[in-house]
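The data block below is structure_3.cif; it holds mmCIF, C-alpha atoms.
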```cif
data_work
#
loop_
_atom_site.group_PDB
_atom_site.id
_atom_site.type_symbol
_atom_site.label_atom_id
_atom_site.label_comp_id
_atom_site.auth_asym_id
_atom_site.auth_seq_id
_atom_site.Cartn_x
_atom_site.Cartn_y
_atom_site.Cartn_z
ATOM 1 C CA MET A 3 0.000 0.000 0.000
ATOM 2 C CA ASP A 4 1.309 3.442 -0.967
ATOM 3 C CA MET A 5 0.764 5.566 2.125
ATOM 4 C CA THR A 6 1.944 8.711 0.328
ATOM 5 C CA ILE A 7 -1.441 9.036 -1.406
ATOM 6 C CA MET A 8 -3.538 8.418 1.711
ATOM 7 C CA ALA A 9 -4.202 12.112 2.348
ATOM 8 C CA LYS A 10 -5.650 12.382 -1.169
ATOM 9 C CA ARG A 11 -7.951 9.369 -0.756
ATOM 10 C CA LEU A 12 -9.284 10.032 2.752
ATOM 11 C CA ARG A 13 -10.933 12.920 4.554
ATOM 12 C CA GLN A 14 -9.016 14.134 7.594
ATOM 13 C CA ASP A 15 -12.035 13.934 9.960
ATOM 14 C CA TRP A 16 -12.763 10.322 8.928
ATOM 15 C CA PHE A 17 -9.078 9.358 9.274
ATOM 16 C CA ARG A 18 -8.911 10.784 12.812
ATOM 17 C CA ARG A 19 -12.028 8.949 13.939
ATOM 18 C CA TYR A 20 -10.945 5.673 12.341
ATOM 19 C CA VAL A 21 -7.417 5.433 13.785
ATOM 20 C CA ASP A 22 -8.757 6.510 17.183
ATOM 21 C CA ASN A 23 -10.989 3.420 17.322
ATOM 22 C CA PRO A 24 -10.792 1.138 14.255
ATOM 23 C CA GLN A 25 -12.876 -1.641 15.910
ATOM 24 C CA SER A 26 -15.905 0.639 16.048
ATOM 25 C CA PHE A 27 -15.850 0.957 12.251
ATOM 26 C CA ARG A 28 -15.199 -2.680 11.429
ATOM 27 C CA GLN A 29 -15.469 -5.353 14.096
ATOM 28 C CA GLY A 30 -12.612 -7.819 13.947
ATOM 29 C CA THR A 31 -10.369 -5.670 11.765
ATOM 30 C CA ARG A 32 -6.735 -6.659 11.969
ATOM 31 C CA MET A 33 -5.630 -3.069 12.375
ATOM 32 C CA PRO A 34 -4.267 -2.651 15.906
ATOM 33 C CA ASP A 35 -5.715 -0.067 18.238
ATOM 34 C CA ALA A 36 -2.699 2.212 18.499
ATOM 35 C CA TRP A 37 -4.458 4.707 20.786
ATOM 36 C CA PRO A 38 -6.675 2.675 23.148
ATOM 37 C CA GLY A 39 -8.885 4.283 25.755
ATOM 38 C CA GLU A 40 -11.568 6.951 25.774
ATOM 39 C CA ASP A 41 -9.479 9.847 27.131
ATOM 40 C CA ASP A 42 -6.801 11.884 25.348
ATOM 41 C CA LYS A 43 -3.898 10.021 26.974
ATOM 42 C CA SER A 44 -1.529 8.086 24.724
ATOM 43 C CA LEU A 45 0.580 5.066 25.607
ATOM 44 C CA LEU A 46 3.553 7.046 24.282
ATOM 45 C CA ASP A 47 3.680 9.612 27.055
ATOM 46 C CA ASP A 48 7.070 11.001 25.935
ATOM 47 C CA VAL A 49 5.834 12.042 22.475
ATOM 48 C CA LEU A 50 3.973 15.361 22.011
ATOM 49 C CA ASP A 51 3.110 15.587 25.711
ATOM 50 C CA GLY A 52 1.494 12.135 25.617
ATOM 51 C CA ARG A 53 -1.690 13.523 24.003
ATOM 52 C CA LYS A 54 -3.495 11.097 21.719
ATOM 53 C CA GLN A 55 -5.220 13.653 19.481
ATOM 54 C CA THR A 56 -2.005 15.621 18.991
ATOM 55 C CA GLN A 57 -0.163 12.464 17.951
ATOM 56 C CA ILE A 58 -2.907 11.505 15.497
ATOM 57 C CA GLN A 59 -2.772 14.993 14.001
ATOM 58 C CA ALA A 60 1.007 14.645 13.631
ATOM 59 C CA VAL A 61 0.529 11.396 11.669
ATOM 60 C CA TRP A 62 -1.948 13.137 9.358
ATOM 61 C CA ASN A 63 0.437 16.063 8.863
ATOM 62 C CA TYR A 64 3.145 13.610 7.874
ATOM 63 C CA LEU A 65 0.878 11.815 5.385
ATOM 64 C CA SER A 66 -0.209 15.160 3.934
ATOM 65 C CA ASP A 67 3.323 15.710 2.636
ATOM 66 C CA GLY A 68 2.662 12.898 0.161
ATOM 67 C CA PRO A 69 5.684 11.896 -1.939
ATOM 68 C CA ARG A 70 7.733 14.672 -0.320
ATOM 69 C CA ALA A 71 7.516 13.046 3.122
ATOM 70 C CA ARG A 72 10.859 11.879 4.489
ATOM 71 C CA THR A 73 11.326 8.332 5.697
ATOM 72 C CA PRO A 74 10.476 8.359 9.430
ATOM 73 C CA ALA A 75 13.344 8.075 11.878
ATOM 74 C CA GLY A 76 13.960 4.464 12.831
ATOM 75 C CA VAL A 77 12.480 2.903 9.690
ATOM 76 C CA VAL A 78 15.783 2.728 7.800
ATOM 77 C CA THR A 79 18.343 0.656 9.660
ATOM 78 C CA GLY A 80 21.944 1.761 9.621
ATOM 79 C CA SER A 81 21.244 5.484 9.596
ATOM 80 C CA LEU A 82 22.947 7.718 12.141
ATOM 81 C CA GLU A 83 20.948 10.914 11.946
ATOM 82 C CA LEU A 84 22.376 13.704 14.072
ATOM 83 C CA ILE A 85 19.522 15.504 15.812
ATOM 84 C CA PRO A 86 20.234 18.838 17.550
ATOM 85 C CA THR A 87 17.933 19.219 20.538
ATOM 86 C CA PHE A 88 19.109 21.722 23.144
ATOM 87 C CA GLU A 89 22.214 23.080 21.420
ATOM 88 C CA PRO A 90 23.732 23.068 17.917
ATOM 89 C CA ILE A 91 25.635 20.108 16.516
ATOM 90 C CA LEU A 92 28.799 20.709 14.475
ATOM 91 C CA TYR A 93 29.745 18.176 11.810
ATOM 92 C CA ARG A 94 33.143 18.574 10.152
ATOM 93 C CA ASN A 95 33.417 16.324 7.139
ATOM 94 C CA PHE A 96 32.899 15.936 3.391
ATOM 95 C CA ILE A 97 29.484 17.509 2.734
ATOM 96 C CA GLU A 98 27.977 17.424 -0.738
ATOM 97 C CA GLY A 99 27.892 20.949 -2.117
ATOM 98 C CA ALA A 100 30.186 22.383 0.548
ATOM 99 C CA GLY A 101 33.525 20.700 -0.208
ATOM 100 C CA PRO A 102 35.997 18.505 1.676
ATOM 101 C CA ARG A 103 36.537 21.055 4.473
ATOM 102 C CA ALA A 104 32.897 21.621 5.224
ATOM 103 C CA ILE A 105 31.604 22.525 8.666
ATOM 104 C CA GLY A 106 27.951 21.629 9.064
ATOM 105 C CA VAL A 107 25.931 23.282 11.822
ATOM 106 C CA GLY A 108 22.525 21.938 12.815
ATOM 107 C CA TYR A 109 20.490 24.241 15.047
ATOM 108 C CA PRO A 110 17.717 23.091 17.419
ATOM 109 C CA GLU A 111 15.378 25.519 15.613
ATOM 110 C CA GLN A 112 15.368 23.139 12.610
ATOM 111 C CA LEU A 113 17.637 25.231 10.389
ATOM 112 C CA SER A 114 21.062 24.070 9.248
ATOM 113 C CA LEU A 115 24.012 25.376 7.280
ATOM 114 C CA ALA A 116 27.281 24.174 5.803
ATOM 115 C CA PHE A 117 30.287 26.515 5.835
ATOM 116 C CA ASP A 118 33.040 25.940 3.266
ATOM 117 C CA ALA A 119 36.321 26.454 5.124
ATOM 118 C CA ASN A 120 38.272 26.383 1.847
ATOM 119 C CA ASP A 121 36.504 29.291 0.169
ATOM 120 C CA LEU A 122 35.268 30.958 3.384
ATOM 121 C CA ARG A 123 31.633 31.072 2.322
ATOM 122 C CA LEU A 124 28.235 29.877 3.381
ATOM 123 C CA ALA A 125 27.747 27.012 0.925
ATOM 124 C CA LEU A 126 24.394 25.462 1.889
ATOM 125 C CA ILE A 127 21.354 26.321 3.990
ATOM 126 C CA TRP A 128 18.402 24.030 4.597
ATOM 127 C CA GLN A 129 15.417 23.305 6.816
ATOM 128 C CA GLY A 130 14.277 20.284 8.800
ATOM 129 C CA ALA A 131 16.574 17.375 9.615
ATOM 130 C CA PHE A 132 20.313 17.997 9.898
ATOM 131 C CA ILE A 133 22.474 15.187 8.515
ATOM 132 C CA ASP A 134 22.943 11.411 8.458
ATOM 133 C CA ALA A 135 26.474 10.603 9.629
ATOM 134 C CA SER A 136 26.405 6.902 8.728
ATOM 135 C CA LYS A 137 28.354 7.366 5.476
ATOM 136 C CA HIS A 138 31.344 8.729 7.392
ATOM 137 C CA TRP A 139 31.037 6.958 10.716
ATOM 138 C CA VAL A 140 30.511 3.401 9.444
ATOM 139 C CA ASN A 141 33.223 1.265 7.826
ATOM 140 C CA ARG A 142 35.716 3.298 5.756
ATOM 141 C CA GLY A 143 33.717 6.527 5.907
ATOM 142 C CA SER A 144 34.457 7.743 2.369
ATOM 143 C CA GLY A 145 32.487 10.027 0.060
ATOM 144 C CA PHE A 146 30.349 13.133 0.380
ATOM 145 C CA GLN A 147 27.131 13.240 2.410
ATOM 146 C CA GLY A 148 24.317 15.622 1.560
ATOM 147 C CA PRO A 149 21.856 17.302 3.949
ATOM 148 C CA ALA A 150 19.073 15.195 5.455
ATOM 149 C CA GLY A 151 16.452 17.959 5.394
ATOM 150 C CA GLN A 152 14.458 19.789 2.764
ATOM 151 C CA LYS A 153 14.442 23.204 1.064
ATOM 152 C CA VAL A 154 18.182 22.857 0.479
ATOM 153 C CA LEU A 155 19.644 25.983 -1.127
ATOM 154 C CA GLN A 156 23.051 25.950 -2.802
ATOM 155 C CA LEU A 157 24.626 29.370 -2.349
ATOM 156 C CA PRO A 158 27.067 30.837 -4.898
ATOM 157 C CA ALA A 159 30.662 29.704 -5.153
ATOM 158 C CA GLY A 160 33.400 32.182 -4.319
ATOM 159 C CA THR A 161 34.490 34.084 -1.252
ATOM 160 C CA THR A 162 32.025 36.108 0.812
ATOM 161 C CA PHE A 163 34.339 39.151 0.826
ATOM 162 C CA ALA A 164 36.734 40.425 -1.818
ATOM 163 C CA ALA A 165 38.993 43.383 -2.530
ATOM 164 C CA LEU A 166 37.749 45.161 -5.679
ATOM 165 C CA ALA A 167 39.197 48.111 -7.565
ATOM 166 C CA ASP A 168 35.685 49.573 -7.649
ATOM 167 C CA GLY A 169 32.029 48.563 -7.529
ATOM 168 C CA ASP A 170 32.074 47.498 -11.189
ATOM 169 C CA ALA A 171 35.072 45.155 -10.969
ATOM 170 C CA THR A 172 34.457 41.440 -11.547
ATOM 171 C CA TRP A 173 34.156 39.310 -8.423
ATOM 172 C CA PRO A 174 37.340 37.183 -8.230
ATOM 173 C CA GLY A 175 37.007 33.510 -9.012
ATOM 174 C CA ALA A 176 40.363 32.483 -7.571
ATOM 175 C CA PRO A 177 40.401 30.284 -4.457
ATOM 176 C CA ALA A 178 40.380 32.127 -1.138
ATOM 177 C CA LYS A 179 43.987 31.242 -0.353
ATOM 178 C CA GLU A 180 45.236 32.696 -3.648
ATOM 179 C CA GLN A 181 43.424 35.952 -2.821
ATOM 180 C CA GLY A 182 45.257 36.165 0.497
ATOM 181 C CA PHE A 183 42.487 34.903 2.770
ATOM 182 C CA GLN A 184 43.229 32.633 5.704
ATOM 183 C CA PHE A 185 40.778 30.589 7.756
ATOM 184 C CA ARG A 186 41.277 31.211 11.480
ATOM 185 C CA GLY A 187 38.932 28.545 12.817
ATOM 186 C CA TYR A 188 35.832 29.219 14.853
ATOM 187 C CA ARG A 189 34.863 30.204 18.377
ATOM 188 C CA LEU A 190 31.934 28.675 20.245
ATOM 189 C CA SER A 191 29.599 30.654 22.471
ATOM 190 C CA LYS A 192 28.497 29.194 25.813
ATOM 191 C CA GLU A 193 25.421 27.901 23.955
ATOM 192 C CA GLY A 194 27.667 26.061 21.476
ATOM 193 C CA ARG A 195 26.976 28.404 18.530
ATOM 194 C CA PRO A 196 29.983 29.002 16.257
ATOM 195 C CA THR A 197 31.494 32.252 15.026
ATOM 196 C CA PHE A 198 33.656 31.601 11.956
ATOM 197 C CA ARG A 199 36.885 33.601 11.817
ATOM 198 C CA TYR A 200 38.962 34.452 8.759
ATOM 199 C CA SER A 201 41.275 37.214 7.566
ATOM 200 C CA LEU A 202 42.487 39.052 4.481
ATOM 201 C CA GLY A 203 45.899 40.470 5.254
ATOM 202 C CA THR A 204 45.513 42.458 8.477
ATOM 203 C CA THR A 205 41.716 42.686 8.126
ATOM 204 C CA GLN A 206 39.898 40.296 10.476
ATOM 205 C CA VAL A 207 36.372 38.973 9.896
ATOM 206 C CA GLU A 208 34.063 37.357 12.450
ATOM 207 C CA ASP A 209 31.067 35.671 10.819
ATOM 208 C CA PHE A 210 28.336 34.715 13.308
ATOM 209 C CA PRO A 211 25.233 32.865 12.012
ATOM 210 C CA SER A 212 22.170 32.625 14.251
ATOM 211 C CA VAL A 213 18.524 31.645 13.956
ATOM 212 C CA VAL A 214 15.740 34.223 14.208
ATOM 213 C CA VAL A 215 12.349 32.773 15.182
ATOM 214 C CA ALA A 216 9.245 34.854 14.426
ATOM 215 C CA GLY A 217 6.104 32.875 15.229
ATOM 216 C CA PRO A 218 6.069 29.556 13.363
ATOM 217 C CA LYS A 219 8.747 30.697 10.897
ATOM 218 C CA ALA A 220 12.504 30.863 11.339
ATOM 219 C CA SER A 221 15.157 32.653 9.300
ATOM 220 C CA LEU A 222 18.947 32.715 9.345
ATOM 221 C CA LEU A 223 20.780 35.871 10.420
ATOM 222 C CA ARG A 224 24.456 36.272 9.650
ATOM 223 C CA LYS A 225 26.346 39.023 11.530
ATOM 224 C CA PHE A 226 29.719 40.170 10.219
ATOM 225 C CA THR A 227 32.181 42.099 12.361
ATOM 226 C CA VAL A 228 35.165 43.354 10.350
ATOM 227 C CA THR A 229 38.124 44.956 12.102
ATOM 228 C CA ALA A 230 41.369 46.483 10.844
ATOM 229 C CA ASP A 231 43.966 48.833 12.308
ATOM 230 C CA LYS A 232 44.196 50.421 8.845
ATOM 231 C CA PRO A 233 40.701 49.929 7.366
ATOM 232 C CA PRO A 234 40.773 49.115 3.643
ATOM 233 C CA SER A 235 38.667 51.169 1.232
ATOM 234 C CA ASP A 236 38.341 48.409 -1.361
ATOM 235 C CA LEU A 237 36.549 45.681 0.626
ATOM 236 C CA TYR A 238 33.152 44.416 -0.588
ATOM 237 C CA LEU A 239 30.642 41.824 0.583
ATOM 238 C CA ARG A 240 28.726 39.768 -1.980
ATOM 239 C CA ALA A 241 25.342 38.952 -0.449
ATOM 240 C CA ALA A 242 23.651 37.118 -3.333
ATOM 241 C CA VAL A 243 24.006 35.926 -6.920
ATOM 242 C CA GLY A 244 21.145 35.000 -9.229
ATOM 243 C CA SER A 245 19.566 35.298 -12.630
ATOM 244 C CA ALA A 246 17.219 37.980 -11.308
ATOM 245 C CA ILE A 247 17.470 40.017 -8.094
ATOM 246 C CA ALA A 248 14.595 42.388 -7.352
ATOM 247 C CA PRO A 249 13.971 44.784 -4.424
ATOM 248 C CA LEU A 250 10.956 44.124 -2.196
ATOM 249 C CA ASP A 251 9.258 45.979 0.649
ATOM 250 C CA GLY A 252 10.955 46.120 4.036
ATOM 251 C CA GLY A 253 14.489 46.156 2.644
ATOM 252 C CA TRP A 254 14.256 42.632 1.284
ATOM 253 C CA TYR A 255 15.588 41.425 -2.067
ATOM 254 C CA ASP A 256 14.125 38.499 -3.982
ATOM 255 C CA VAL A 257 16.674 36.144 -5.548
ATOM 256 C CA ASP A 258 15.261 33.995 -8.364
ATOM 257 C CA GLY A 259 11.988 33.538 -6.489
ATOM 258 C CA GLN A 260 13.688 31.054 -4.147
ATOM 259 C CA LEU A 261 15.396 33.200 -1.535
ATOM 260 C CA ARG A 262 14.886 36.564 0.166
ATOM 261 C CA VAL A 263 17.820 38.441 1.672
ATOM 262 C CA ARG A 264 17.991 41.654 3.699
ATOM 263 C CA ILE A 265 21.034 43.762 4.543
ATOM 264 C CA ALA A 266 21.622 46.033 7.543
ATOM 265 C CA GLY A 267 24.698 48.137 8.247
ATOM 266 C CA GLY A 268 25.529 48.869 4.617
ATOM 267 C CA THR A 269 24.083 49.930 1.278
ATOM 268 C CA ALA A 270 23.228 47.026 -1.013
ATOM 269 C CA VAL A 271 23.586 47.513 -4.773
ATOM 270 C CA VAL A 272 22.292 45.202 -7.516
ATOM 271 C CA ARG A 273 24.688 44.946 -10.438
ATOM 272 C CA SER A 274 25.070 42.789 -13.562
ATOM 273 C CA SER A 275 28.182 40.691 -13.974
ATOM 274 C CA GLY A 276 29.005 37.684 -16.159
ATOM 275 C CA GLY A 277 25.410 37.171 -17.297
ATOM 276 C CA LYS A 278 24.145 37.140 -13.691
ATOM 277 C CA GLN A 279 23.020 39.677 -11.154
ATOM 278 C CA GLU A 280 24.867 40.229 -7.884
ATOM 279 C CA LEU A 281 23.926 41.992 -4.662
ATOM 280 C CA ILE A 282 27.058 43.618 -3.257
ATOM 281 C CA VAL A 283 27.794 45.888 -0.302
ATOM 282 C CA HIS A 284 30.773 48.213 0.095
ATOM 283 C CA VAL A 285 32.180 47.718 3.600
ATOM 284 C CA GLU A 286 32.148 51.097 5.358
ATOM 285 C CA PHE A 287 34.249 51.347 8.532
ATOM 286 C CA GLN A 288 33.496 53.420 11.596
ATOM 287 C CA GLY A 289 36.937 53.844 13.039
ATOM 288 C CA ALA A 290 38.567 50.422 13.012
ATOM 289 C CA LYS A 291 35.333 48.413 12.822
ATOM 290 C CA ALA A 292 32.512 47.675 10.385
ATOM 291 C CA GLN A 293 29.375 45.689 11.187
ATOM 292 C CA ILE A 294 27.007 44.265 8.582
ATOM 293 C CA SER A 295 24.206 41.748 8.954
ATOM 294 C CA GLN A 296 22.474 39.634 6.334
ATOM 295 C CA GLU A 297 19.214 37.770 6.841
ATOM 296 C CA TYR A 298 18.147 34.759 4.746
ATOM 297 C CA ASP A 299 14.517 33.710 4.371
ATOM 298 C CA TRP A 300 13.528 30.777 2.159
#
```

Rewritten as structure tokens:
Amino acid sequence: MDMTIMAKRLRQDWFRRYVDNPQSFRQGTRMPDAWPGEDDKSLLDDVLDGRKQTQIQAVWNYLSDGPRARTPAGVVTGSLELIPTFEPILYRNFIEGAGPRAIGVGYPEQLSLAFDANDLRLALIWQGAFIDASKHWVNRGSGFQGPAGQKVLQLPAGTTFAALADGDATWPGAPAKEQGFQFRGYRLSKEGRPTFRYSLGTTQVEDFPSVVVAGPKASLLRKFTVTADKPPSDLYLRAAVGSAIAPLDGGWYDVDGQLRVRIAGGTAVVRSSGGKQELIVHVEFQGAKAQISQEYDW
């Protein structure tokens, strides 16, 4: 039986009544009574506060995803899904789309990212489940592992920052190391949230991603702190690349209809380059420091 089409074949109200008490619909049915009893108490008291009706609703929500529904945890043997609960989980390994020096970060708020420590860029962002570590933690552990969640966005290749002659100069395609960048590792807050650190000459960058929760929706906020004893005048941030970038209300920019980004602490400019559009920001220093933030919503 293909359970992915169940939500199309059945009405939700009928489904809820049936699974609550299948024997009342068909005496002698072989379907087990998963939620016995007349009250709202479930046998699984550690799932969704032990409430029967809430658990039944969760099953229906899962079935409503149809073919997009992920395989439930525990069904596939051999998987080692890393599940952040109270604090982030960091996963340093070969991640598909983020390179051999990838640093994956899974946040308890059900958002994840992969930072490319070679090119000093945010390579991937996604929602839902974090990652399955079985490919790397079982047997020889070779190969690249992709994200376990959904709404995976591949962000543009190339460094986040670059030194440009002016705002019309082409964004460099050379590897970060050839441009003079150096990865300085990362620092963890007391909550286990990383700040990535890298430098270009004597200019230091701290790149702190965090999750912003507004009601049922969460977005990713990236705060950059750039410091230099002799602030450069030629430093730019590239916030987005796409076929079409359009301004929206509230300071947002739409990128190819898949991603919205918003910049604070600098003036964003949309420009054309190499058949694409780019959203770039000139880094303006106040004394020896510049602070810019970028929010991602997708």

Mind running range 113-227 of chain A against range 282-297 of chain A at 9 Å and telling me each contacting residue's nearest atom pair with the distance in Å (one decimal), counting only C-alpha atoms, chain and number ascending, as a Markdown table?
```
| residue | atom | partner | partner_atom | distance |
| --- | --- | --- | --- | --- |
| A:Gly169 | CA | A:His284 | CA | 7.7 |
| A:Val214 | CA | A:Glu297 | CA | 8.9 |
| A:Ser221 | CA | A:Glu297 | CA | 7.0 |
| A:Leu222 | CA | A:Glu297 | CA | 5.6 |
| A:Leu223 | CA | A:Glu297 | CA | 4.3 |
| A:Arg224 | CA | A:Gln296 | CA | 5.1 |
| A:Lys225 | CA | A:Ser295 | CA | 4.3 |
| A:Phe226 | CA | A:Ile294 | CA | 5.2 |
| A:Thr227 | CA | A:Gln293 | CA | 4.7 |
```

- Task: One decimal, Å: what's the distance from CA of Ala220 in chain A over to CA of Ala9 in chain A, could you say?
- Result: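 Spanning CA of Ala220 in chain A to CA of Ala9 in chain A is a straight-line distance of 26.7 Å.
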
- Message: Ranking A:Gly160, A:Pro24, A:Gly277, A:Pro196 by minimum distance to Leu122 in chain A and counting all atoms listed in the file, which one comes first?
- Response: A:Gly160

- Task: Could you tell me which residues the PyMOL selection byres ((chain A and resi 255) around 12) grabs in this file, written as a PyMOL selection string?
- Result: chain A and resi 241-244+246-254+256-265+270-272+279-282+296-300

Requested write-out: C-alpha atoms of the selected residues, as a PDB file, in the frame of the given file:
```pdb
ATOM      1  CA  ALA A 241      25.342  38.952  -0.449  1.00  0.00           C
ATOM      2  CA  ALA A 242      23.651  37.118  -3.333  1.00  0.00           C
ATOM      3  CA  VAL A 243      24.006  35.926  -6.920  1.00  0.00           C
ATOM      4  CA  GLY A 244      21.145  35.000  -9.229  1.00  0.00           C
ATOM      5  CA  ALA A 246      17.219  37.980 -11.308  1.00  0.00           C
ATOM      6  CA  ILE A 247      17.470  40.017  -8.094  1.00  0.00           C
ATOM      7  CA  ALA A 248      14.595  42.388  -7.352  1.00  0.00           C
ATOM      8  CA  PRO A 249      13.971  44.784  -4.424  1.00  0.00           C
ATOM      9  CA  LEU A 250      10.956  44.124  -2.196  1.00  0.00           C
ATOM     10  CA  ASP A 251       9.258  45.979   0.649  1.00  0.00           C
ATOM     11  CA  GLY A 252      10.955  46.120   4.036  1.00  0.00           C
ATOM     12  CA  GLY A 253      14.489  46.156   2.644  1.00  0.00           C
ATOM     13  CA  TRP A 254      14.256  42.632   1.284  1.00  0.00           C
ATOM     14  CA  ASP A 256      14.125  38.499  -3.982  1.00  0.00           C
ATOM     15  CA  VAL A 257      16.674  36.144  -5.548  1.00  0.00           C
ATOM     16  CA  ASP A 258      15.261  33.995  -8.364  1.00  0.00           C
ATOM     17  CA  GLY A 259      11.988  33.538  -6.489  1.00  0.00           C
ATOM     18  CA  GLN A 260      13.688  31.054  -4.147  1.00  0.00           C
ATOM     19  CA  LEU A 261      15.396  33.200  -1.535  1.00  0.00           C
ATOM     20  CA  ARG A 262      14.886  36.564   0.166  1.00  0.00           C
ATOM     21  CA  VAL A 263      17.820  38.441   1.672  1.00  0.00           C
ATOM     22  CA  ARG A 264      17.991  41.654   3.699  1.00  0.00           C
ATOM     23  CA  ILE A 265      21.034  43.762   4.543  1.00  0.00           C
ATOM     24  CA  ALA A 270      23.228  47.026  -1.013  1.00  0.00           C
ATOM     25  CA  VAL A 271      23.586  47.513  -4.773  1.00  0.00           C
ATOM     26  CA  VAL A 272      22.292  45.202  -7.516  1.00  0.00           C
ATOM     27  CA  GLN A 279      23.020  39.677 -11.154  1.00  0.00           C
ATOM     28  CA  GLU A 280      24.867  40.229  -7.884  1.00  0.00           C
ATOM     29  CA  LEU A 281      23.926  41.992  -4.662  1.00  0.00           C
ATOM     30  CA  ILE A 282      27.058  43.618  -3.257  1.00  0.00           C
ATOM     31  CA  GLN A 296      22.474  39.634   6.334  1.00  0.00           C
ATOM     32  CA  GLU A 297      19.214  37.770   6.841  1.00  0.00           C
ATOM     33  CA  TYR A 298      18.147  34.759   4.746  1.00  0.00           C
ATOM     34  CA  ASP A 299      14.517  33.710   4.371  1.00  0.00           C
ATOM     35  CA  TRP A 300      13.528  30.777   2.159  1.00  0.00           C
TER      36      TRP A 300
END
```

- Message: Can you tell me which residues surround Ala131 in chain A at a distance of at most 10 Å, considering all atoms listed in the file, apart from same-chain residues fewer than 2 positions away, and format the answer as a ChimeraX atom specification?
- Response: /A:72,83-86,108-110,112-114,128-129,133-134,149-152

- Message: Just checking: using all atoms listed in the file, which residue out of A:Trp139, A:Tyr238, A:Phe117, A:Phe183 ends up closest to Ala165 in chain A?
- Response: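 Once distances to Ala165 in chain A are computed over all atoms listed in the file, the minimum belongs to A:Tyr238.
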
- Query: Could you spell out the hits of the PyMOL selection byres ((chain A and resi 99) around 9) on the shown file, as a list in words?
  - Reply: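 What the PyMOL selection byres ((chain A and resi 99) around 9) grabs from the file is Phe96, Ile97, Glu98, Ala100, Gly101, Ala104, Ala116, Asp118, Ala125, Leu126, Phe146, Gln147, Gly148 and Gln156 of chain A.
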
Print the selection's residues with C-alpha atoms to a file, as a PDB file, in the coordinates of the input.
```
ATOM      1  CA  PHE A  96      32.899  15.936   3.391  1.00  0.00           C
ATOM      2  CA  ILE A  97      29.484  17.509   2.734  1.00  0.00           C
ATOM      3  CA  GLU A  98      27.977  17.424  -0.738  1.00  0.00           C
ATOM      4  CA  ALA A 100      30.186  22.383   0.548  1.00  0.00           C
ATOM      5  CA  GLY A 101      33.525  20.700  -0.208  1.00  0.00           C
ATOM      6  CA  ALA A 104      32.897  21.621   5.224  1.00  0.00           C
ATOM      7  CA  ALA A 116      27.281  24.174   5.803  1.00  0.00           C
ATOM      8  CA  ASP A 118      33.040  25.940   3.266  1.00  0.00           C
ATOM      9  CA  ALA A 125      27.747  27.012   0.925  1.00  0.00           C
ATOM     10  CA  LEU A 126      24.394  25.462   1.889  1.00  0.00           C
ATOM     11  CA  PHE A 146      30.349  13.133   0.380  1.00  0.00           C
ATOM     12  CA  GLN A 147      27.131  13.240   2.410  1.00  0.00           C
ATOM     13  CA  GLY A 148      24.317  15.622   1.560  1.00  0.00           C
ATOM     14  CA  GLN A 156      23.051  25.950  -2.802  1.00  0.00           C
TER      15      GLN A 156
END
```

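For the pair CA of Gln57 in chain A and CA of Ser44 in chain A, the interatomic distance is 8.2 Å.
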
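The residues returned by the PyMOL selection byres ((chain A and resi 195) around 10) for this structure are Glu89, Pro90, Ile91, Leu92, Val107, Gly108, Tyr109, Tyr188, Arg189, Leu190, Ser191, Lys192, Glu193, Gly194, Pro196, Thr197, Phe198, Phe210, Pro211 and Ser212 of chain A.
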
- Message: So the first atom is CA of Tyr20 in chain A and the second is CA of Ile7 in chain A; what is the distance between them in Å, to one decimal place?
- Response: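 About the pair CA of Tyr20 in chain A and CA of Ile7 in chain A: they are 17.0 Å apart.
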
Per-axis box centre and lengths in Å around range 87-104 of chain A, 5 Å margin per side, axis-aligned, as JSON:
```
{"center_x": 27.2, "center_y": 19.5, "center_z": 10.5, "size_x": 28.6, "size_y": 17.1, "size_z": 35.3}
```

- Using only C-alpha atoms, give me every residue within 9 Å of (35.0, 39.7, 3.9) in file coordinates, as a ChimeraX atom specification. /A:122,161-165,183,200-202,205-209,226,228,237-240,285

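Between Phe17 in chain A and the candidates A:Trp62, A:Gly68, A:Leu155, A:Pro177, the tightest atom-to-atom separation, counting all atoms listed in the file, involves A:Trp62.
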
- Using all atoms listed in the file, which of A:Gly203, A:Gly268, A:Gly130, A:Pro234 sits nearest Gln181 in chain A?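 The closest residue to Gln181 in chain A is A:Gly203.
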
For the point (2.5, 12.2, 7.6) in file coordinates, what residues are within 10 Å, counting only C-alpha atoms? Give the answer as a PDB file with C-alpha atoms, keeping the file's coordinate frame?
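Saved file point38.pdb follows:
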```pdb
ATOM      1  CA  MET A   5       0.764   5.566   2.125  1.00  0.00           C
ATOM      2  CA  THR A   6       1.944   8.711   0.328  1.00  0.00           C
ATOM      3  CA  MET A   8      -3.538   8.418   1.711  1.00  0.00           C
ATOM      4  CA  ALA A   9      -4.202  12.112   2.348  1.00  0.00           C
ATOM      5  CA  ILE A  58      -2.907  11.505  15.497  1.00  0.00           C
ATOM      6  CA  GLN A  59      -2.772  14.993  14.001  1.00  0.00           C
ATOM      7  CA  ALA A  60       1.007  14.645  13.631  1.00  0.00           C
ATOM      8  CA  VAL A  61       0.529  11.396  11.669  1.00  0.00           C
ATOM      9  CA  TRP A  62      -1.948  13.137   9.358  1.00  0.00           C
ATOM     10  CA  ASN A  63       0.437  16.063   8.863  1.00  0.00           C
ATOM     11  CA  TYR A  64       3.145  13.610   7.874  1.00  0.00           C
ATOM     12  CA  LEU A  65       0.878  11.815   5.385  1.00  0.00           C
ATOM     13  CA  SER A  66      -0.209  15.160   3.934  1.00  0.00           C
ATOM     14  CA  ASP A  67       3.323  15.710   2.636  1.00  0.00           C
ATOM     15  CA  GLY A  68       2.662  12.898   0.161  1.00  0.00           C
ATOM     16  CA  ARG A  70       7.733  14.672  -0.320  1.00  0.00           C
ATOM     17  CA  ALA A  71       7.516  13.046   3.122  1.00  0.00           C
ATOM     18  CA  ARG A  72      10.859  11.879   4.489  1.00  0.00           C
ATOM     19  CA  THR A  73      11.326   8.332   5.697  1.00  0.00           C
ATOM     20  CA  PRO A  74      10.476   8.359   9.430  1.00  0.00           C
TER      21      PRO A  74
END
```
